[in-house]
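Working notes, structure below.
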Amino acid sequence: MNRQLAPEINLIDSITFPKVEQLKLDNGVPVYLLNEGVQDVVKIELMFKAGKWFESKNLVADFTNRMLREGTKNYSAKQIADTFDYYGANFNTSAGFETAGASLFSLTKHIDLLLPVFAEVFTESVFPENELNTILSNRKQRLSVDLKKNDFLANRDFLNALFGKNHPYGRVSEFEHFDNIFVDDLKSFYKSYYSATNLTILVAGKFPPSLVEQLNKYFGSKSLLRDVPAAPIDYAIESSAELIHHTEKSDSVQSAIIIGNMSINKTHPDFLKLSVLNTVFGGYFGSRLMSNIREEKGYTYGIYSSFASYPHAGFIEIASEVGKDVREATLKEIQREINVLRTELIDDEELQVVKNYMSGKILRSIDGPLKFSETLKGLLIYNQDVSYIDQLLKTIREVTSEELLQLAQKYFDYDKMYKVTVG
Amino acid sequence: MIKFEETVLKNGLKVIVHEDAATTMAAVNILYKVGSRDEDIQQTGFAHLFEHFMFEGSKNIPEFDTPLQNAGGENNAFTSTDITNYYDILPANNLETAFWLESDRMLSLAFDEESLNTQKNVVMEEFKEHYINQPYGDVWHKMCALAYKVHPYQWPVIGLNLEHIEQVKMQSAKDFFFKYYRPNNAVLVVGGNVKAAEVFALAEKWFGEIPSGETIIRNLPKEPIQNEERVLEVKADVPVHSIYKAYKIGTRNSADFYATDLLRDILSNGDSSRLYRQLVKEEKLFSSISAYGTDSIDEGLLLVEGKLSKDVSMDAAESAIEKVLYEMTQEKISDDELDKVKNKIEAYMVFSEVNVLNRVMNLAYFEMLGNAADVNNEAEKYRAVTAEQMQAAAAKVFRKENCNTIRYFSNN
């Protein structure tokens with residue numbers, strides 16, 4: 001046996017998607033069903049267009065979402081916690097830039113019992129003041145700890161430099177913002193944005209068809225429809241005039257680095273090809289940034305680049321934490337890698353590895369209903385469906401080094417990037 | 001229920017296969033029975049550094065990651081006090097690539113000097129990122145040293161200090177590899193869209209010729225029974241006071257493991273758990289609090305960790321934690337609360353089986369503990385725990401003279 005010879009590789013050239021069933025509740029709420037599971041578990045995810053984009057005061061979207069489990073018309077915070085915990089269910093809320101909502105993970109056998117409580121959180125939340133005060137002061141404590149972390153600080157400075165403090169993507173939380181959050185702010189935001197009109201439901205796992213009737217019972221009523229305020233048209237982006245932002249920390253042994261600038265988002269026709277280019281550059285463990293700065297130089301435990309994509313903007317971000325003494329050397333290496341990307345064709349072998357890796361990653365992203373539902377959620381935010389994944393696979397297969405070189409020249413320019421360092 | 005088939009190769013390598021036609025992927029997991037507890041006190045952090053070195057090329061293959069990525073796969077590894085675990089996940093029709101790679105690095109490494117030096121730097125940066133350049137980052141080092149006086153759990157997996165990592169020599173890497181990274185000290189588990197017979201044939205083909213090594217006999221120093229309360233006070237540039245209380249618990253295979261584990265869930269699993277409800281929500285003494293275990297094979301720790309609310313004194317915070325803990329020694333847990341934590345465990349287990357990689361990791365872990373089939377008995381063992389057993393476990397664990405406390409003060 002010749003151990004130097006790699007076994008034959010089978011390429012991934014087509015994908016069979018798990019079945020997605022799409023329907024509407026009586027009031028028009030769209031529901032996506034991924035009923036392909038083996039284990040008797042179910043995840044119900046509610047997505048509202050109720051993210052930071054829609055708030056008129058900092059932290060309102062975040063705290064409205066966080067307070068959902070703190071009390072409803074018929075259940076106290078304690079009863080809600082007792083109910084979900086007793087049946088071994090996990091109830092998570094989260095708010096992002098665009099959407100906010102919650103997911104319920106439960107054994108299928110308990111879902112009928114839990115649905116009424118889960119639903120009431122979204123139809124009858126009451127935002128008790130005492131609970132809000134506790135959560136607010138705890139979150140201030142957490143912020144004070146986060147402000148001691150260089151990567152946290154660098155991320156704030158970076159978003160602030162890119163978008164300015166008046167843009168929802170650039171606004172960061174300060175202690176005084178917590179003091180300016182009141183029950184009425186949350187109630188009003190809740191009333192406006194947590195309505196059936198604004199809702200999409202995803203259900204994944206293994207469940208009986210009767211679950212749809214249950215969803216209809218709790219979320220399908222026309223009385224849950226409300227006019228949603230017109231979305232803010234757009235916020236002015238006030239990028240910093242200074243490209244270099246350094247905060248010195250004398251007691252740090254490492255510096256957090258974030259480099260990047262505004263770019264395109266998922267809706268742009270170049271985005272799919274650019275995701276291949278980014279993978280080559282810094283998007284996976286075998287990337288050029290990792291190979292050079294971690295695996296050859298040993299400057300860091302990890303370095304990554306990504307094209308962050310949100311509905312109203314996109315940006316490239318290169319992030320790492322490196323030894324303080326090699327901070328400048330790391331910046332130089334990043335600059336050098338960008339220049340190589342802009343001037344030299346990626347050789348066939350390297351590109352093929354990336355193509356194969358990305359195809360495998362697609363397979364993993366749809367493997368099993370729970371995993372697939374996360375992937376699908378990412379698409380739904382952009383009103384896309386699974387055909388987008390087919391397009392991605394096709395792009396991965398067909399994109400050439402020549403095209404990628406052009407994209408590198410268009411989208412990677414070190415001189416135009418913000419350089420944020422803390423430490 | 002995780003179904004599997006198993007065999008042992010002549011060189012002692014245990015091979016387990018779990019077929020699952022519902023996935024298109026294959027997961028390959030190799031667990032080596034070696035962790036930081038096997039290190040010399042003069043060379044701590046070595047097992048973890050060595051895990052990094054395992055990706056730096058083997059006898060016939062210059063580098064591990066690229067061929068696996070080329071096969072559409074992804075891989076990673078972790079080191080604990082007791083084990084070092086490597087896994088690959090890739091499209092099932094490329095399974096043999098993982099066999100080729102994993103078997104070559106079990107056969108022999110490249111032992112390249114430059115790679116070792118680079119990985120020393122990478123690990124030192126990892127050390128800095130997680131244990132130096134973080135608020136409260138040094139607390140785990142301090143707690144290990146406080147709680148353990150002779151057993152190797154007295155140092156963290158990352159190592160005691162940067163110098164130990166910097167000073168590692170190639171000869172140590174070679175000795176370590178040929179002692180611990182032998183087929184008779186490993187468990188190979190393959191799961192996913194595979195057939196057992198084919199996997200057994202592949203195992204024989206790729207791993208069969210690797211020579212076995214010496215039988216590992218561990219003579220780890222046994223930690224003496226703790227008979228005194230230990231308290232360490234720290235002042236540092238952190239924003240809020242924090243407290244850590246670590247109680248000694250039994251070994252992984254001790255009879256009261258399951259009762260003790262459920263105590264932790266009573267304390268800290270979900271918004272209804274006692275610590276969160278009483279100390280965060282009702283008394284507002286803490287801004288966050290949690291309880292967790294070290295899940296080690298030898299005598300482990302059950303920890304309670306909390307960040308104090310503004311203007312709360314350390315004494316008040318500590319007595320409040322003790323009150324919650326001692327209540328469990330005095331009063332039997334109600335049927336409802338016991339049912340709750342058992343339901344939680346049941347759900348946790350079913351969810352942990354959704355992912356094929358988790359299933360193969362669990363099989364490997366239970367095989368290492370003694371028998372892979374035990375993975376399917378866990379739920380029943382938790383189910384069988386009684387309120388009396390939990391009260392007895394609480395009485396055994398939550399005693400002052402069994403406790404190691406770090407009072408971590410903010411000097412701001």
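Letters A, B, ... go to the chains of the structure tokens in the order shown; residues in each chain start at 1; ligands are counted from 1 in the same order.
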If we count only C-alpha atoms and set the cut-off at 7 Å, which residues sit around region 413-421 of chain A, ignoring sequence neighbours fewer than 6 positions away in its own chain? Please answer as an MDAnalysis selection string.
chainID A and resid 154 157:158 243:247 255:261 335 338
Take the selection from the previous step and output its residues with N, CA and C atoms, as a PDB file, in the first residue's frame.
```pdb
ATOM      1  N   ALA A 154     -12.704  46.481  20.156  1.00  0.00           N
ATOM      2  CA  ALA A 154     -12.319  46.658  18.754  1.00  0.00           C
ATOM      3  C   ALA A 154     -13.547  46.565  17.859  1.00  0.00           C
ATOM      4  N   ASP A 157     -15.480  49.813  18.108  1.00  0.00           N
ATOM      5  CA  ASP A 157     -14.806  50.902  17.402  1.00  0.00           C
ATOM      6  C   ASP A 157     -14.930  50.730  15.890  1.00  0.00           C
ATOM      7  N   PHE A 158     -14.845  49.489  15.459  1.00  0.00           N
ATOM      8  CA  PHE A 158     -14.903  49.214  14.022  1.00  0.00           C
ATOM      9  C   PHE A 158     -16.273  49.582  13.442  1.00  0.00           C
ATOM     10  N   LEU A 243      -8.899  56.604   9.086  1.00  0.00           N
ATOM     11  CA  LEU A 243      -8.884  55.158   8.827  1.00  0.00           C
ATOM     12  C   LEU A 243      -8.226  54.385   9.970  1.00  0.00           C
ATOM     13  N   ILE A 244      -7.370  55.054  10.712  1.00  0.00           N
ATOM     14  CA  ILE A 244      -6.634  54.336  11.752  1.00  0.00           C
ATOM     15  C   ILE A 244      -7.166  54.691  13.133  1.00  0.00           C
ATOM     16  N   HIS A 245      -7.584  53.671  13.874  1.00  0.00           N
ATOM     17  CA  HIS A 245      -8.124  53.871  15.222  1.00  0.00           C
ATOM     18  C   HIS A 245      -7.384  52.939  16.169  1.00  0.00           C
ATOM     19  N   HIS A 246      -6.528  53.493  16.972  1.00  0.00           N
ATOM     20  CA  HIS A 246      -5.796  52.640  17.913  1.00  0.00           C
ATOM     21  C   HIS A 246      -6.089  53.056  19.350  1.00  0.00           C
ATOM     22  N   THR A 247      -6.351  52.072  20.186  1.00  0.00           N
ATOM     23  CA  THR A 247      -6.481  52.332  21.616  1.00  0.00           C
ATOM     24  C   THR A 247      -5.368  51.579  22.309  1.00  0.00           C
ATOM     25  N   SER A 255      -3.073  42.329  21.206  1.00  0.00           N
ATOM     26  CA  SER A 255      -3.897  43.375  20.610  1.00  0.00           C
ATOM     27  C   SER A 255      -4.998  42.723  19.786  1.00  0.00           C
ATOM     28  N   ALA A 256      -6.203  43.292  19.900  1.00  0.00           N
ATOM     29  CA  ALA A 256      -7.280  42.862  19.002  1.00  0.00           C
ATOM     30  C   ALA A 256      -7.214  43.735  17.756  1.00  0.00           C
ATOM     31  N   ILE A 257      -7.340  43.093  16.614  1.00  0.00           N
ATOM     32  CA  ILE A 257      -7.253  43.811  15.339  1.00  0.00           C
ATOM     33  C   ILE A 257      -8.543  43.578  14.560  1.00  0.00           C
ATOM     34  N   ILE A 258      -9.140  44.624  14.035  1.00  0.00           N
ATOM     35  CA  ILE A 258     -10.199  44.454  13.030  1.00  0.00           C
ATOM     36  C   ILE A 258      -9.921  45.423  11.887  1.00  0.00           C
ATOM     37  N   ILE A 259      -9.879  44.878  10.692  1.00  0.00           N
ATOM     38  CA  ILE A 259      -9.599  45.684   9.505  1.00  0.00           C
ATOM     39  C   ILE A 259     -10.722  45.451   8.502  1.00  0.00           C
ATOM     40  N   GLY A 260     -11.156  46.513   7.848  1.00  0.00           N
ATOM     41  CA  GLY A 260     -12.159  46.282   6.804  1.00  0.00           C
ATOM     42  C   GLY A 260     -12.810  47.563   6.339  1.00  0.00           C
ATOM     43  N   ASN A 261     -13.718  47.426   5.408  1.00  0.00           N
ATOM     44  CA  ASN A 261     -14.466  48.585   4.921  1.00  0.00           C
ATOM     45  C   ASN A 261     -15.816  48.157   4.358  1.00  0.00           C
ATOM     46  N   GLN A 335      -1.636  43.127   4.714  1.00  0.00           N
ATOM     47  CA  GLN A 335      -1.489  43.983   3.535  1.00  0.00           C
ATOM     48  C   GLN A 335      -0.829  43.203   2.392  1.00  0.00           C
ATOM     49  N   ILE A 338      -3.240  40.785   0.824  1.00  0.00           N
ATOM     50  CA  ILE A 338      -4.215  41.468  -0.042  1.00  0.00           C
ATOM     51  C   ILE A 338      -3.559  41.795  -1.382  1.00  0.00           C
TER      52      ILE A 338
END
```
Please give the complete set of residues from region 177-256 of chain A that DSSP, run on the backbone, assigns to helix (DSSP H, G or I), formatted as an MDAnalysis selection string.
chainID A and resid 177:179 183:193 196:198 210:219 222:224
Got a sec to tell me which of region 3-244 of chain B DSSP assigns to strand (DSSP E or B), as a ChimeraX atom specification?
/B:5-8,14-19,25-32,58,74-79,84-91,109,186-192,230-236,242-244
Preceding selection exported with C-alpha atoms as a short mmCIF file (atom, residue, chain, number, x, y, z; two decimals), in the first residue's frame:
```
data_model
loop_
_atom_site.label_atom_id
_atom_site.label_comp_id
_atom_site.auth_asym_id
_atom_site.auth_seq_id
_atom_site.Cartn_x
_atom_site.Cartn_y
_atom_site.Cartn_z
CA GLU B 5 -21.19 -2.69 15.96
CA GLU B 6 -17.68 -3.14 17.27
CA THR B 7 -14.48 -5.04 16.77
CA VAL B 8 -10.89 -4.95 17.97
CA LYS B 14 -11.05 -0.61 19.19
CA VAL B 15 -13.30 0.10 16.17
CA ILE B 16 -16.96 1.03 16.54
CA VAL B 17 -19.41 1.70 13.72
CA HIS B 18 -22.74 3.47 13.96
CA GLU B 19 -24.83 3.35 10.78
CA MET B 25 -22.14 12.63 5.92
CA ALA B 26 -19.66 10.42 7.72
CA ALA B 27 -18.13 11.33 11.05
CA VAL B 28 -14.80 9.84 12.10
CA ASN B 29 -13.74 10.23 15.71
CA ILE B 30 -10.49 9.08 17.27
CA LEU B 31 -10.10 9.36 20.98
CA TYR B 32 -6.66 8.91 22.49
CA SER B 58 2.67 12.80 9.29
CA GLU B 74 -13.82 19.64 8.15
CA ASN B 75 -12.00 18.61 11.29
CA ASN B 76 -10.98 19.68 14.73
CA ALA B 77 -9.78 18.36 18.05
CA PHE B 78 -9.80 19.10 21.75
CA THR B 79 -7.77 18.16 24.77
CA THR B 84 -7.46 14.03 23.47
CA ASN B 85 -10.18 13.75 20.86
CA TYR B 86 -9.91 14.23 17.09
CA TYR B 87 -12.81 14.30 14.67
CA ASP B 88 -13.42 14.63 10.95
CA ILE B 89 -16.73 15.15 9.24
CA LEU B 90 -16.96 14.71 5.48
CA PRO B 91 -19.28 13.51 2.70
CA LEU B 109 4.37 12.00 12.66
CA ALA B 186 -7.18 4.70 21.10
CA VAL B 187 -10.84 4.30 20.18
CA LEU B 188 -11.96 4.76 16.57
CA VAL B 189 -15.65 5.45 16.00
CA VAL B 190 -17.16 5.95 12.56
CA GLY B 191 -20.76 7.01 12.08
CA GLY B 192 -23.13 8.23 9.41
CA ARG B 230 -9.66 26.85 51.60
CA VAL B 231 -10.10 30.49 50.73
CA LEU B 232 -8.09 32.63 48.38
CA GLU B 233 -8.63 36.36 48.06
CA VAL B 234 -7.61 38.09 44.86
CA LYS B 235 -7.66 41.78 43.96
CA ALA B 236 -7.42 42.68 40.32
CA SER B 242 -16.84 37.77 41.53
CA ILE B 243 -16.93 34.60 43.59
CA TYR B 244 -16.03 31.00 42.79
#
```
May I have the residues within 7 Å of Lys344 (chain B) as a PyMOL selection string, using only C-alpha atoms and disregarding those fewer than 2 positions away in the same chain?
(chain A and resi 85+87-88) or (chain B and resi 340-342+346-348)
Any idea what's packed within 8 Å of Leu274 (chain A), counting only C-alpha atoms, ignoring anything in its chain fewer than 3 positions away? Could you give it as a PyMOL selection string?
chain A and resi 270-271+277-278+404+407
Find the residue from B:Ala173, B:Val375, B:Val240, B:Ile158 that sits nearest to chain A; use only C-alpha atoms when measuring.
B:Val240
For chain B, which of A:Leu331, A:Leu162, A:Ala408, A:Val322 is the closest residue, counting only C-alpha atoms?
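Closest candidate: A:Val322.
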